[in-house]
Amino acid sequence: MAKSSMNVIQVLVWKLHYKMRIKKKGLSGVVTTIILVALVVVAITIIWAVINQVVKERLEGAEKCSDLFDKIKLNDVYTCNSMDNTQTQVSVNLEDVTVEKLIISISGQGNSESFDLENGVSNSVIKSFGTPIQLVEKNQGRTYVFNTASILGTGITAETVKISPVIKGKTCGVMDSVELENCGNF
């Protein structure tokens, strides 16, 4: 009996040892693959959420400006320099659009200055046939006169005028530009 109980104990020890060895073996290949796939899916989801938010923010800004092309124009006929090149007349036409302000850039002979045109603001180098400045309104046109001798310097002729609108706090790119010519005294 002693011999058979020893055999039973040996069998039980062997079975216990075998089960412990199986537990130490680690994860199977299938389980490892499933975990890796799940980690990749989670990583892609997180990256997509971040990229999607950035793209939406950029597109919202682009949408504000994309509808403005051909709706904000400089009138070529009335955007010109005085005969003595001391003043530049800028004529702005807006179609079916409302802007917060307009940024007018005047450049000549390597110098350039930009001005914000917005309602109720006075500027000593800008005349808008009324003080304070009245911003051009939807479906209208308005002319502004800039003292370019003060802006660019005496003897420097303004060569180019560019216009950029600001819509809902976003500055859009240049919508129109004009190469200036002389048009008389004003």
# chains A, B, ... in the order shown; residues from 1 in each chain; ligands from 1
>>> residues_around(residues="Asn85 (chain A)", least_positions_apart="2", cutoff="8 Å", atoms="only C-alpha atoms", output="list in words")
Asn81, Ser82, Met83, Gln87, Thr88, Thr148, Ala149, Gly155, Ile156, Thr157, Ala158 and Asn182 of chain A
>>> select_by_dssp(residues="chain A", states="strand (DSSP E)", output="PyMOL selection string")
chain A and resi 72-74+80-81+88-94+101-108+111-117+126-127+141-146+160-167+170-171+176-179
>>> atom_distance(atom1="CA of Gly108 (chain A)", atom2="CA of Ile72 (chain A)")
22.5 Å
>>> residues_around(residues="region 164-171 of chain A", least_positions_apart="5", cutoff="12 Å", atoms="only C-alpha atoms", output="NGL selection string")
:A and (57-58 or 60-69 or 71-74 or 92-94 or 97-106 or 114-118 or 135-136 or 176-177)
>>> atom_distance(atom1="CA of Asn147 (chain A)", atom2="CA of Cys172 (chain A)")
25.3 Å
>>> atom_distance(atom1="CA of Ser107 (chain A)", atom2="CA of Asn139 (chain A)")
27.4 Å
>>> closest_residue(among="A:Glu159, A:Asp84, A:Glu137, A:Asp76", to="Gln109 (chain A)", atoms="only C-alpha atoms")
A:Glu159
>>> residues_around(residues="Val121 (chain A)", least_positions_apart="5", cutoff="9 Å", atoms="only C-alpha atoms", output="NGL selection string")
:A and (116 or 131-134)
>>> select_by_dssp(residues="region 105-161 of chain A", states="alpha helix (DSSP H)", output="PyMOL selection string")
chain A and resi 148-152
>>> write_last_selection(atoms="C-alpha atoms", output="compact mmCIF listing (two decimals), in the first residue's frame")
# COMPACT_ATOMS: atom_id res chain seq x y z
CA THR A 148 0.17 108.81 -49.63
CA ALA A 149 2.80 111.49 -49.11
CA SER A 150 2.35 110.93 -45.35
CA ILE A 151 2.05 107.17 -45.70
CA LEU A 152 4.91 106.24 -48.01
